[in-house]
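Chemist: Below you will find the structure I want to go over with you.
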Amino acid sequence: MSHKHRARAGLLAALTSILVTLVIVLAGGVFAPAYAATIFSDDFQDGNSSGWSTSGGSWSVVTDGSLVYRQGNNSSELARSFNGSTSWTNYQVQARVKPLSFNGSNRLVGIAARVDSATRMYRLALFNSNRVELQAVNGSQLAVIGSASMTVSTGTWYTLRIEVSGSTVRGFVNGSQIGSGTNSQYSAG
């Protein structure tokens, strides 16, 4: 994988189609609004996805009440879209995601931070088997940092957020923390 696609915040879909809006905030040491400044956001209201790199899937900007970013091919294995900088260290990624359909069991939709490659990252994933997991992903090896049971329904918006600061990784769904832990596998991206 080229350096251009490495170490970025990302949106992920495994055999599902989704709609997304995204905000990334740089946090100054502590995850509190008083210390945060938005370093990147894309609500896709300009009608395009310029600057986003994709791997798998069929990504486009479509209308769903407003303009949103859609991955519309639910037969694509691990569709991903990336944006951001390899120099980011302490920040949070937040996106509103709406699964539209799932193709099979144990499928996911999620967001990622400190993406080192297409298969190395911290990931917060909603599974259609009614669970959410905060994970350190290293190829086919997954380390679950935190998890919770949660009903995951198609056609429903979920706000996902990952916070990374030093070796601390936290995951939130709709404002509720579902997992927190330390992992030093990825330090930037």
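How things are named: the first chain in the structure tokens is A, the next is B, and so on; residues count from 1 in each chain; ligands count from 1 in the order shown.
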Using only C-alpha atoms, find each residue of stretch 93-115 of chain A with at least one atom at most 8 Å away from an atom of stretch 159-175 of chain A; report its shortest atom-to-atom pair and that distance in Å (one decimal), sort the rows by chain and rising residue number, and return the result as a Markdown table.

Modeler:
```
| residue | atom | partner | partner_atom | distance |
| --- | --- | --- | --- | --- |
| A:Val93 | CA | A:Ile162 | CA | 5.3 |
| A:Gln94 | CA | A:Arg161 | CA | 4.2 |
| A:Ala95 | CA | A:Leu160 | CA | 5.4 |
| A:Arg96 | CA | A:Thr159 | CA | 4.3 |
| A:Val97 | CA | A:Thr159 | CA | 6.4 |
| A:Gly110 | CA | A:Leu160 | CA | 7.5 |
| A:Ile111 | CA | A:Leu160 | CA | 7.1 |
| A:Ala112 | CA | A:Ile162 | CA | 7.3 |
| A:Ala113 | CA | A:Ile162 | CA | 6.9 |
```

Chemist: Near A:Ser53, counting only C-alpha atoms, which residues have an atom at most 7 Å away, once you skip same-chain residues fewer than 6 positions from it, shown as a CSV table (one decimal) with all heavy atoms, in the first residue's frame?

Modeler:
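out_25.csv was written with the following content:
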```csv
chain,number,residue,atom,x,y,z
A,81,SER,N,-13.0,3.7,3.1
A,81,SER,CA,-12.7,5.0,2.6
A,81,SER,C,-11.8,5.8,3.6
A,81,SER,O,-12.1,5.7,4.8
A,81,SER,CB,-14.0,5.8,2.3
A,81,SER,OG,-13.7,7.0,1.6
A,82,PHE,N,-10.7,6.4,3.2
A,82,PHE,CA,-9.8,7.0,4.1
A,82,PHE,C,-9.6,8.5,3.8
A,82,PHE,O,-9.7,8.9,2.6
A,82,PHE,CB,-8.4,6.4,3.9
A,82,PHE,CG,-8.4,4.9,4.1
A,82,PHE,CD1,-8.5,4.0,3.0
A,82,PHE,CD2,-8.3,4.4,5.4
A,82,PHE,CE1,-8.5,2.6,3.2
A,82,PHE,CE2,-8.3,3.0,5.6
A,82,PHE,CZ,-8.4,2.1,4.5
A,83,ASN,N,-9.3,9.3,4.8
A,83,ASN,CA,-8.9,10.7,4.7
A,83,ASN,C,-8.1,11.0,5.9
A,83,ASN,O,-8.3,10.4,7.0
A,83,ASN,CB,-10.1,11.6,4.5
A,83,ASN,CG,-9.8,12.9,3.8
A,83,ASN,OD1,-8.7,13.4,3.9
A,83,ASN,ND2,-10.7,13.4,3.0
```

Chemist: If you run DSSP over the backbone, which residues in chain A end up strand (DSSP E)? Put them as a ChimeraX atom specification.

Modeler: /A:9-14,16-27,36-42,53-55,59-64,66-71,79-83,91-102,108-117,120-127,131-138,141-149,158-165,168-173,176-182

Chemist: What are the DSSP helix (DSSP H, G or I) residues of stretch 2-186 of chain A, as a PyMOL selection string?

Modeler: chain A and resi 3-5+33-35

Chemist: Write the residues you've just listed into a file as a compact mmCIF listing (two decimals), in the first residue's frame, and include C-alpha atoms for each of them.

Modeler:
```txt
# COMPACT_ATOMS: atom_id res chain seq x y z
CA HIS A 3 2.28 6.00 1.78
CA LYS A 4 -0.61 8.15 0.53
CA HIS A 5 -3.15 5.61 1.80
CA PRO A 33 -14.51 20.48 24.21
CA ALA A 34 -12.60 23.43 25.72
CA TYR A 35 -9.32 21.95 24.42
```

Chemist: Residues at most 7 Å from A:Thr89, counting only C-alpha atoms, excluding those fewer than 6 positions away in the same chain, as a list in words?

Modeler: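 Near neighbours after the sequence-gap exclusion: Ser165, Ser187, Ala188 and Gly189 of chain A.
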
Chemist: With only C-alpha atoms as the atoms that count, which of A:Gln71, A:Ser66, A:Phe102, A:Thr154 lies nearest to A:Thr54?

Modeler: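 Ranking A:Gln71, A:Ser66, A:Phe102, A:Thr154 by distance to A:Thr54, first place goes to A:Gln71.
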
Chemist: Using only C-alpha atoms, which protein or nucleic acid residues come within 7 Å of A:Asn138? Drop anything in the same chain fewer than 3 positions from it, and give the result as a list in words.

Modeler: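 Using only C-alpha atoms, the neighbours found are Thr119, Arg120, Met121, Gln141 and Leu142 of chain A.
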
Chemist: Check the smallest atom-to-atom distance from each of A:Val152, A:Gly181, A:Tyr186, A:Ser105 to A:Val137 using only C-alpha atoms, then report the winner.

Modeler: A:Tyr186

Chemist: List the spatial neighbours of A:Glu133 as a PyMOL selection string - criterion: any atom at most 9 Å away, only C-alpha atoms, same-chain residues fewer than 5 positions off excluded.

Modeler: chain A and resi 123-127+144-149+171+178-179
